[in-house]
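Here is entry14.cif, consisting of mmCIF, C-alpha atoms and all ligand atoms:
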data_run
#
loop_
_atom_site.label_atom_id
_atom_site.label_comp_id
_atom_site.auth_asym_id
_atom_site.auth_seq_id
_atom_site.Cartn_x
_atom_site.Cartn_y
_atom_site.Cartn_z
CA MET A 175 121.64 37.50 68.37
CA ASN A 176 121.75 34.30 70.46
CA LYS A 177 121.00 30.99 68.83
CA VAL A 178 118.50 28.46 70.19
CA TYR A 179 119.00 24.90 69.00
CA ILE A 180 115.81 22.92 68.66
CA LYS A 181 115.41 19.14 68.58
CA HIS A 182 115.60 17.58 65.16
CA SER A 183 112.10 16.09 65.55
CA VAL A 184 110.64 19.62 65.74
CA VAL A 185 112.05 20.75 62.38
CA PRO A 186 109.09 19.50 60.26
CA LYS A 187 106.69 21.43 62.49
CA LEU A 188 108.59 24.67 61.89
CA ARG A 189 108.89 23.94 58.18
CA ARG A 190 105.06 23.82 58.17
CA PHE A 191 105.06 27.31 59.74
CA THR A 192 103.82 26.31 63.19
CA PRO A 193 104.77 29.40 65.19
CA TRP A 194 105.38 27.87 68.66
CA VAL A 195 108.26 25.90 70.14
CA TYR A 196 107.70 24.32 73.56
CA ALA A 197 110.32 24.27 76.32
CA ASN A 198 110.72 20.49 75.95
CA GLU A 199 111.43 20.85 72.24
CA ILE A 200 114.73 22.67 72.52
CA ASP A 201 118.26 21.37 72.66
CA SER A 202 119.78 24.40 74.46
CA SER A 203 119.64 25.11 78.16
CA LEU A 204 116.74 27.41 79.07
CA GLU A 205 118.70 29.38 81.68
CA GLU A 206 120.89 30.90 78.97
CA PHE A 207 118.04 33.12 77.79
CA GLN A 208 116.28 36.24 79.07
CA SER A 209 112.48 36.72 79.04
CA GLY A 210 111.54 38.48 75.82
CA GLU A 211 114.93 38.02 74.14
CA VAL A 212 114.95 37.77 70.35
CA VAL A 213 116.83 34.69 69.13
CA ALA A 214 117.61 32.79 65.94
CA LEU A 215 116.12 29.28 65.86
CA PHE A 216 118.53 26.67 64.56
CA SER A 217 118.65 22.95 64.04
CA LYS A 218 122.12 21.38 64.26
CA LYS A 219 121.40 19.46 61.05
CA ASP A 220 119.17 21.84 59.07
CA GLY A 221 120.60 25.23 60.05
CA PHE A 222 118.51 28.43 60.35
CA LEU A 223 114.73 27.99 60.85
CA GLY A 224 113.42 31.36 61.97
CA THR A 225 113.56 34.38 64.26
CA ALA A 226 111.60 34.21 67.50
CA TYR A 227 111.32 35.72 70.93
CA VAL A 228 111.59 33.48 73.96
CA ASN A 229 110.48 33.24 77.56
CA PRO A 230 112.17 30.59 79.74
CA LYS A 231 109.32 30.96 82.30
CA CYS A 232 106.71 29.60 79.87
CA ALA A 233 105.76 26.20 78.46
CA ILE A 234 105.63 27.91 75.07
CA PHE A 235 109.31 28.81 75.07
CA ALA A 236 109.60 30.48 71.65
CA ARG A 237 107.09 32.30 69.46
CA VAL A 238 108.19 32.81 65.87
CA LEU A 239 108.25 36.36 64.55
CA SER A 240 109.58 35.47 61.12
CA PHE A 241 110.52 32.31 59.25
CA GLY A 242 112.97 34.41 57.24
CA LYS A 243 116.13 36.29 58.21
CA GLU A 244 114.43 39.59 59.02
CA GLU A 245 115.63 42.26 61.37
CA ILE A 246 112.93 42.71 64.04
CA GLY A 247 112.79 46.50 64.10
CA LYS A 248 110.94 49.50 62.73
CA LYS A 249 110.53 48.18 59.19
CA PHE A 250 109.30 44.79 60.42
CA PHE A 251 106.55 46.30 62.60
CA HIS A 252 105.61 48.86 59.95
CA ASN A 253 105.13 46.15 57.30
CA ARG A 254 103.26 43.72 59.52
CA ILE A 255 100.88 46.33 60.95
CA LYS A 256 100.26 47.92 57.53
CA ARG A 257 99.38 44.52 56.08
CA ALA A 258 97.05 43.71 58.98
CA ILE A 259 95.21 47.01 58.51
CA ALA A 260 94.79 46.44 54.75
CA LYS A 261 93.20 43.02 55.38
CA ARG A 262 90.36 44.61 57.40
CA GLU A 263 89.36 47.24 54.86
CA ALA A 264 86.48 45.25 53.34
CA LEU A 265 84.85 44.83 56.76
CA LEU A 266 84.62 48.59 57.24
CA SER A 267 81.53 48.62 54.98
CA GLN A 268 79.67 46.71 57.75
CA THR A 269 81.09 48.29 60.87
CA ASN A 270 83.21 51.04 62.38
CA ALA A 271 84.94 48.64 64.80
CA VAL A 272 87.33 45.84 63.85
CA ARG A 273 90.13 43.78 65.32
CA LEU A 274 93.20 45.21 63.55
CA ILE A 275 95.82 42.79 64.88
CA HIS A 276 95.11 39.24 66.00
CA SER A 277 98.35 37.94 67.42
CA GLU A 278 99.88 34.87 65.67
CA ALA A 279 97.27 35.02 62.89
CA ASP A 280 98.69 38.44 61.90
CA PHE A 281 102.26 37.22 62.49
CA LEU A 282 102.62 39.42 65.58
CA PRO A 283 102.39 36.86 68.42
CA GLY A 284 101.19 38.28 71.73
CA LEU A 285 99.73 41.48 70.29
CA ILE A 286 96.00 42.29 70.06
CA VAL A 287 94.72 45.62 68.75
CA ASP A 288 91.05 46.52 68.28
CA LYS A 289 90.00 49.69 66.46
CA TYR A 290 86.85 51.54 67.52
CA GLY A 291 86.56 54.48 65.13
CA ASP A 292 89.74 56.40 65.84
CA THR A 293 90.33 54.74 69.22
CA LEU A 294 92.72 51.81 69.60
CA SER A 295 92.31 49.29 72.42
CA ILE A 296 95.46 47.21 72.84
CA GLN A 297 96.65 44.13 74.71
CA ILE A 298 100.28 43.08 74.98
CA ASN A 299 100.24 39.52 76.26
CA THR A 300 103.86 38.33 76.20
CA ALA A 301 107.26 39.44 77.48
CA GLY A 302 108.54 39.30 73.90
CA MET A 303 106.00 41.80 72.60
CA GLU A 304 106.45 43.93 75.73
CA THR A 305 110.04 44.67 74.65
CA PHE A 306 108.68 46.27 71.46
CA ARG A 307 106.02 48.37 73.23
CA GLU A 308 107.37 51.80 72.15
CA LEU A 309 107.93 50.70 68.56
CA ILE A 310 104.41 49.25 68.35
CA LEU A 311 102.88 52.46 69.72
CA SER A 312 104.81 54.75 67.42
CA THR A 313 103.95 52.58 64.39
CA LEU A 314 100.25 52.53 65.31
CA LYS A 315 100.26 56.31 65.72
CA GLN A 316 101.91 56.75 62.36
CA LEU A 317 99.67 54.31 60.45
CA VAL A 318 96.28 54.84 62.15
CA ASN A 319 96.51 58.38 63.56
CA PRO A 320 94.35 57.50 66.59
CA SER A 321 92.85 60.08 68.94
CA TRP A 322 93.09 57.67 71.91
CA ILE A 323 95.10 54.54 72.67
CA VAL A 324 93.91 52.60 75.71
CA GLU A 325 95.66 49.55 77.11
CA LYS A 326 93.75 46.55 78.50
CA SER A 327 96.59 44.12 79.15
CA ASP A 328 94.97 42.15 81.95
CA GLU A 329 94.84 38.63 80.53
CA HIS A 330 95.98 35.71 82.72
CA SER A 331 98.67 35.00 80.10
CA ARG A 332 100.63 38.03 81.36
CA GLU A 333 100.95 36.45 84.78
CA ILE A 334 102.33 33.26 83.20
CA GLU A 335 104.82 35.43 81.31
CA GLY A 336 105.94 37.07 84.57
CA LEU A 337 104.32 40.41 83.70
CA GLU A 338 101.97 42.62 85.70
CA SER A 339 98.61 43.81 84.37
CA LYS A 340 98.64 47.17 82.63
CA ASN A 341 95.53 49.23 82.02
CA GLY A 342 94.73 52.79 81.09
CA THR A 343 95.35 55.55 78.62
CA LEU A 344 98.65 55.40 76.71
CA PHE A 345 97.95 58.30 74.42
CA GLY A 346 95.33 60.96 73.67
CA THR A 347 91.93 61.77 75.06
CA PRO A 348 89.50 59.10 76.32
CA THR A 349 86.06 58.66 74.69
CA LYS A 350 83.57 57.66 77.38
CA GLN A 351 80.99 55.96 75.16
CA PHE A 352 81.89 54.82 71.68
CA GLU A 353 78.94 54.51 69.30
CA LEU A 354 79.63 51.28 67.48
CA SER A 355 77.69 50.83 64.29
CA GLU A 356 77.38 47.23 63.07
CA ASN A 357 75.20 46.17 60.12
CA GLY A 358 72.95 49.19 60.68
CA LEU A 359 72.58 48.65 64.45
CA THR A 360 74.00 50.77 67.24
CA PHE A 361 75.92 49.48 70.27
CA LEU A 362 77.30 51.82 72.93
CA VAL A 363 80.69 50.66 74.13
CA ASP A 364 82.41 51.83 77.26
CA ILE A 365 85.80 50.70 75.96
CA GLU A 366 87.72 51.14 79.20
CA ASP A 367 85.22 49.38 81.51
CA ALA A 368 83.77 46.72 79.19
CA GLN A 369 84.92 43.07 79.14
CA LYS A 370 87.83 42.01 76.90
CA THR A 371 89.11 44.77 74.61
CA GLY A 372 85.65 46.37 74.57
CA PHE A 373 83.04 44.49 72.51
CA TYR A 374 82.69 40.89 71.25
CA LEU A 375 83.66 41.79 67.69
CA ASP A 376 84.45 38.14 66.95
CA GLN A 377 80.70 37.26 66.97
CA ARG A 378 79.75 39.92 64.36
CA LYS A 379 79.26 37.45 61.49
CA ASN A 380 77.44 34.94 63.72
CA ARG A 381 75.01 37.58 64.97
CA ALA A 382 74.08 38.21 61.32
CA ILE A 383 73.86 34.46 60.52
CA CYS A 384 71.50 33.78 63.43
CA ALA A 385 69.38 36.84 62.62
CA SER A 386 69.01 35.65 59.02
CA TYR A 387 66.80 32.77 60.32
CA ILE A 388 64.48 35.06 62.29
CA LYS A 389 60.85 35.34 61.16
CA GLU A 390 58.36 38.07 62.04
CA GLY A 391 56.95 37.47 65.54
CA ASP A 392 59.65 35.04 66.75
CA THR A 393 60.69 34.87 70.40
CA VAL A 394 64.34 34.73 71.42
CA LEU A 395 66.33 33.80 74.53
CA ASP A 396 69.85 35.29 74.58
CA ILE A 397 71.83 33.53 77.32
CA CYS A 398 75.16 35.05 78.37
CA CYS A 399 74.12 38.03 76.27
CA ASN A 400 76.86 40.48 77.30
CA ALA A 401 75.87 43.70 75.45
CA GLY A 402 72.82 42.01 73.90
CA GLY A 403 74.15 41.60 70.35
CA PHE A 404 72.35 38.41 69.27
CA GLY A 405 68.97 39.38 70.74
CA ILE A 406 69.11 42.92 69.37
CA TYR A 407 69.89 41.66 65.86
CA ALA A 408 66.91 39.28 66.15
CA LEU A 409 64.55 42.02 67.40
CA ALA A 410 65.64 44.31 64.59
CA LYS A 411 64.86 41.50 62.14
CA GLY A 412 61.23 41.26 63.39
CA ALA A 413 61.30 39.10 66.53
CA LYS A 414 58.49 40.17 68.86
CA ASN A 415 60.29 39.60 72.15
CA ALA A 416 63.74 38.73 73.47
CA VAL A 417 64.83 37.63 76.92
CA PHE A 418 68.37 38.66 77.86
CA VAL A 419 70.34 36.92 80.62
CA ASP A 420 73.84 37.67 81.89
CA ILE A 421 75.52 37.23 85.26
CA SER A 422 77.13 40.66 85.00
CA GLU A 423 75.09 43.63 86.17
CA SER A 424 77.07 46.00 83.95
CA ALA A 425 76.52 43.76 80.89
CA ILE A 426 72.76 43.92 81.49
CA GLU A 427 72.94 47.72 81.94
CA GLN A 428 74.83 47.90 78.64
CA THR A 429 72.20 45.66 77.00
CA LYS A 430 69.43 48.01 78.16
CA ALA A 431 71.35 51.03 76.82
CA ASN A 432 71.80 49.23 73.48
CA LEU A 433 68.10 48.31 73.29
CA ALA A 434 67.25 51.98 73.85
CA ALA A 435 69.83 53.09 71.27
CA ASN A 436 68.01 50.93 68.71
CA ALA A 437 64.55 52.14 69.82
CA ILE A 438 63.51 48.63 70.93
CA GLU A 439 60.89 48.44 73.66
CA THR A 440 59.75 44.82 73.98
CA TYR A 441 62.23 42.77 75.95
CA GLU A 442 63.02 41.22 79.32
CA THR A 443 66.40 41.39 81.06
CA TYR A 444 67.72 39.31 83.95
CA THR A 445 70.97 39.62 85.86
CA ALA A 446 71.40 35.94 86.72
CA ASP A 447 73.56 32.87 86.55
CA ALA A 448 72.51 31.00 83.40
CA PHE A 449 72.34 27.61 85.14
CA THR A 450 70.16 28.85 88.03
CA PHE A 451 68.02 30.90 85.68
CA MET A 452 67.21 27.97 83.41
CA LYS A 453 66.54 25.71 86.40
CA GLU A 454 64.14 28.19 88.00
CA LYS A 455 62.30 29.26 84.85
CA LYS A 456 61.59 25.71 83.63
CA TYR A 457 60.69 27.04 80.16
CA LYS A 458 58.96 24.47 77.91
CA ASN A 459 58.55 24.87 74.13
CA SER A 460 58.71 28.67 74.51
CA PHE A 461 61.33 30.10 72.10
CA ASP A 462 62.04 30.13 68.37
CA LEU A 463 65.75 30.84 68.89
CA ILE A 464 67.98 30.31 71.91
CA VAL A 465 71.57 31.60 71.85
CA LEU A 466 74.04 30.02 74.28
CA ASP A 467 77.28 31.98 74.28
CA PRO A 468 78.97 31.26 77.63
CA PRO A 469 82.45 32.46 78.60
CA SER A 470 85.47 30.23 78.14
CA PHE A 471 84.59 27.45 80.61
CA ALA A 472 87.89 25.67 79.79
CA LYS A 473 91.02 27.78 79.79
CA THR A 474 93.19 24.64 80.01
CA LYS A 475 92.99 21.07 78.70
CA GLU A 476 92.39 19.86 82.27
CA GLN A 477 89.23 21.97 82.56
CA ALA A 478 87.69 20.56 79.36
CA SER A 479 85.61 17.76 80.93
CA GLY A 480 84.02 20.11 83.49
CA ALA A 481 83.33 22.57 80.68
CA LYS A 482 81.66 19.87 78.59
CA ARG A 483 79.33 19.04 81.49
CA GLY A 484 78.41 22.75 81.68
CA PHE A 485 77.66 22.88 77.95
CA LYS A 486 75.62 19.67 78.15
CA HIS A 487 73.53 21.03 80.98
CA LEU A 488 72.80 24.31 79.17
CA LEU A 489 72.00 22.50 75.91
CA MET A 490 69.59 20.13 77.71
CA GLU A 491 67.72 22.97 79.39
CA SER A 492 67.63 24.97 76.15
CA THR A 493 66.36 21.99 74.18
CA LYS A 494 63.43 21.74 76.58
CA ALA A 495 62.88 25.51 76.33
CA VAL A 496 62.93 25.77 72.54
CA LYS A 497 59.86 25.06 70.38
CA ASP A 498 59.65 21.99 68.15
CA GLY A 499 61.42 23.13 64.95
CA GLY A 500 63.10 26.02 66.79
CA LEU A 501 66.80 26.86 66.70
CA ILE A 502 69.66 26.71 69.20
CA ALA A 503 72.96 28.50 68.56
CA LEU A 504 75.57 26.81 70.74
CA PHE A 505 78.96 28.55 71.02
CA SER A 506 82.25 27.69 72.67
CA CYS A 507 85.02 30.27 72.81
CA SER A 508 87.48 27.76 74.21
CA PHE A 509 89.90 25.97 71.92
CA HIS A 510 89.66 22.98 74.30
CA VAL A 511 85.96 22.56 73.53
CA GLY A 512 85.95 22.80 69.75
CA LYS A 513 83.54 21.84 66.97
CA LYS A 514 84.10 18.10 67.46
CA GLU A 515 83.34 18.32 71.19
CA LEU A 516 80.23 20.48 70.61
CA LEU A 517 78.92 17.88 68.15
CA GLU A 518 79.60 15.10 70.67
CA ILE A 519 77.73 17.02 73.37
CA ALA A 520 74.79 17.54 70.98
CA MET A 521 74.75 13.81 70.19
CA GLU A 522 74.62 12.96 73.90
CA VAL A 523 71.73 15.36 74.52
CA SER A 524 69.95 14.07 71.42
CA HIS A 525 70.16 10.57 72.92
CA ASP A 526 69.19 11.60 76.46
CA LEU A 527 66.18 13.77 75.50
CA LYS A 528 65.18 11.74 72.44
CA VAL A 529 65.24 14.72 70.08
CA GLN A 530 67.01 15.15 66.76
CA TYR A 531 69.23 18.06 65.82
CA ILE A 532 69.72 19.24 62.25
CA LEU A 533 73.00 21.12 61.79
CA LEU A 534 72.14 24.27 59.83
CA GLU A 535 75.36 26.24 60.22
CA GLN A 536 78.89 25.69 61.50
CA MET A 537 80.15 29.02 62.74
CA GLN A 538 83.51 30.46 63.65
CA GLN A 539 85.01 33.83 64.58
CA ASP A 540 84.67 36.66 62.04
CA SER A 541 87.44 37.29 59.51
CA ASP A 542 89.15 40.08 61.48
CA HIS A 543 90.05 37.34 64.03
CA PRO A 544 91.74 35.09 61.47
CA CYS A 545 92.47 31.38 61.99
CA LEU A 546 96.03 30.42 61.15
CA ILE A 547 95.82 26.82 59.96
CA ASN A 548 99.20 25.94 61.44
CA ALA A 549 98.26 27.23 64.89
CA SER A 550 95.22 25.20 65.94
CA ALA A 551 94.71 27.33 69.07
CA SER A 552 93.73 30.20 66.78
CA PHE A 553 90.47 28.29 65.97
CA TYR A 554 89.13 29.37 69.32
CA LEU A 555 85.50 30.25 68.57
CA ASN A 556 83.17 27.54 67.33
CA GLY A 557 79.43 27.49 67.00
CA LEU A 558 76.67 25.17 65.83
CA LEU A 559 73.27 26.38 64.70
CA LEU A 560 70.93 23.47 65.39
CA ARG A 561 67.31 22.96 64.40
CA VAL A 562 65.56 20.94 67.09
CA GLU A 563 63.15 18.26 65.90
CA LYS A 564 61.11 16.98 68.86
C1 LIG B 601 81.31 35.33 75.30
S1 LIG B 601 80.47 36.53 76.23
C2 LIG B 601 78.97 36.71 75.35
C3 LIG B 601 79.08 37.61 74.14
C4 LIG B 601 77.76 38.02 73.56
N1 LIG B 601 76.98 36.90 73.13
C5 LIG B 601 77.97 38.98 72.41
O1 LIG B 601 77.70 38.63 71.24
O2 LIG B 601 78.42 40.11 72.65
C6 LIG B 601 80.03 35.64 77.65
C7 LIG B 601 79.14 36.36 78.65
O3 LIG B 601 78.75 35.41 79.65
C8 LIG B 601 78.58 36.10 80.88
N2 LIG B 601 78.61 35.06 81.94
C9 LIG B 601 79.68 34.49 82.52
N3 LIG B 601 79.32 33.52 83.36
C10 LIG B 601 77.95 33.47 83.33
C11 LIG B 601 76.97 32.69 83.98
N4 LIG B 601 77.31 31.73 84.84
N5 LIG B 601 75.67 32.94 83.72
C12 LIG B 601 75.31 33.92 82.86
N6 LIG B 601 76.20 34.69 82.20
C13 LIG B 601 77.50 34.47 82.42
C14 LIG B 601 79.70 37.11 80.89
O4 LIG B 601 79.37 38.18 81.76
C15 LIG B 601 79.76 37.51 79.40
O5 LIG B 601 79.01 38.67 79.20
#
Using structure tokens, write down the structure from this file.
Amino acid sequence: MNKVYIKHSVVPKLRRFTPWVYANEIDSSLEEFQSGEVVALFSKKDGFLGTAYVNPKCAIFARVLSFGKEEIGKKFFHNRIKRAIAKREALLSQTNAVRLIHSEADFLPGLIVDKYGDTLSIQINTAGMETFRELILSTLKQLVNPSWIVEKSDEHSREIEGLESKNGTLFGTPTKQFELSENGLTFLVDIEDAQKTGFYLDQRKNRAICASYIKEGDTVLDICCNAGGFGIYALAKGAKNAVFVDISESAIEQTKANLAANAIETYETYTADAFTFMKEKKYKNSFDLIVLDPPSFAKTKEQASGAKRGFKHLLMESTKAVKDGGLIALFSCSFHVGKKELLEIAMEVSHDLKVQYILLEQMQQDSDHPCLINASASFYLNGLLLRVEK
């Protein structure tokens, strides 16, 4: 195995189990290494630091697989995947769909696996993980015994890694519509055609938190609703009407199918851009709960200020649209607009519209999408539940 020497200043970071080494943090020449190659990380002064895979094409040059001297083979993948599966067992009392493997936070950087019943939906996002494709598949088959494995490796990160998108069946027989059951509600998921790996499983806990504030007869606006999760939870809890908005026609079709699957009949749906919709509707003091769950407006640090303007605009319009004493759930799924930034945006809107916000809940992704405290990018989903005092 080749050795990569890292700069002495980076040693403390690795000693604190931070799993990434950037290209400007190494003391070896990048050209010596192949994309996806497994290497031993060394410091000239401190010796061995870990085993990683590398990609000289990327700013994140090395991703650590193990801080110990482990062989990266069958036993390694078997142990890591088995451990990841065991950690999700408690969640299976609430749902039949969980994220089984969440990349760095399950010590398998670049690998995402979601489980929908006995279907697995997988994403391989790095050249390093790509080299272990066959081993990963055989281990998953052995440990999970799936009837279908479908690949949805179409993230932008693959392009950065020098890889092409890969989609489609890897094993078994496709299930057209999966009947996802979450906290007693039904969601129909077209795993192959839906966004991401199928369903926004990361918002499961937050859907339940928001619904816990719903009172009989409430009205709800679910903006960027995707498959309608937040609004459907609220309607099932006794809300009398929910308005669903998403820019994607297929997301709205899916929302309608999910409303029908839960025998809900009072709702409105709109296929529309959230910004235009709010501008045209000019709602005033109309809703008890508004959920704002836009896509990742900021995929890079450079896009953060534009994203913050987008959030501010949506929060202003929603603050006008919510009743005095009503609630706004404001989410960001971009690491570059985190909890601190959301609070700053809320403070600005509070000043501009002369309203007060009471912070009722600070939300994050559900536990099957774990946050690794030494990898801050794994804290990607943040939410504030605000009570608006006008
Ligand atoms: C993070 S997902 C929402 C997940 C959803 N709340 C759930 O719990 O399943 C973001 C959604 O925003 C939609 N979207 C993207 N841009 C939009 C826009 N400009 N206006 C309205 N919806 C948009 C996407 O189609 C996607 O369904």
To box ligand LIG 601 (chain B), take all atoms listed in the file, fit an axis-aligned box, add 8 Å on each side, and give centre and edge lengths in Å to one decimal, as lines of an AutoDock Vina configuration file.
center_x = 78.3
center_y = 35.9
center_z = 78.0
size_x = 22.0
size_y = 24.4
size_z = 29.6
Residues at most 8 Å from stretch 253-256 of chain A, counting all atoms listed in the file, excluding those fewer than 4 positions away in the same chain, as a PyMOL selection string? chain A and resi 249+260+275+280-282+313-314+317
Which one of A:Phe418, A:Tyr179, A:Phe216, A:Phe235 sits closest to A:Val195 if you count only C-alpha atoms?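 Comparing A:Phe418, A:Tyr179, A:Phe216, A:Phe235 against A:Val195, the winner is A:Phe235.
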Nearest-residue call for A:Pro193, choices A:Ser240, A:Gln539, A:Gln208, A:Ser479, using all atoms listed in the file: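 Looking at the shortest contact to A:Pro193, the residue is A:Ser240.
In this model, the gap between atom CA of A:Val318 and atom CA of A:Cys507 comes to 29.1 Å.
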With only C-alpha atoms counted and 8 Å as the cut-off, give the residues of stretch 416-455 of chain A in contact with stretch 349-367 of chain A, each with its shortest interatomic distance in Å and the pair that gives it, as CSV.
residue,atom,partner,partner_atom,distance
A:Gln428,CA,A:Leu362,CA,7.4
A:Ala431,CA,A:Leu362,CA,7.2
A:Asn432,CA,A:Phe361,CA,5.2
A:Ala435,CA,A:Thr360,CA,6.2
A:Asn436,CA,A:Thr360,CA,6.2
If you count all atoms listed in the file, which residues end up within 6 Å of ligand LIG 601 (chain B), as a tab-separated table (two decimals) with C-alpha atoms, in the frame of the given file?
chain	number	residue	atom	x	y	z
A	374	TYR	CA	82.69	40.89	71.25
A	377	GLN	CA	80.70	37.26	66.97
A	398	CYS	CA	75.16	35.05	78.37
A	399	CYS	CA	74.12	38.03	76.27
A	400	ASN	CA	76.86	40.48	77.30
A	401	ALA	CA	75.87	43.70	75.45
A	403	GLY	CA	74.15	41.60	70.35
A	404	PHE	CA	72.35	38.41	69.27
A	420	ASP	CA	73.84	37.67	81.89
A	421	ILE	CA	75.52	37.23	85.26
A	422	SER	CA	77.13	40.66	85.00
A	425	ALA	CA	76.52	43.76	80.89
A	446	ALA	CA	71.40	35.94	86.72
A	447	ASP	CA	73.56	32.87	86.55
A	448	ALA	CA	72.51	31.00	83.40
A	467	ASP	CA	77.28	31.98	74.28
A	468	PRO	CA	78.97	31.26	77.63
A	469	PRO	CA	82.45	32.46	78.60
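As for atom CA of A:Lys379 and atom CA of A:Ser424, they are spaced 24.1 Å apart.
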Can you tell me which residues surround A:Asn341 at a distance of at most 7 Å, considering all atoms listed in the file, apart from same-chain residues fewer than 5 positions away, and format the answer as an MDAnalysis selection string? chainID A and resid 325:327
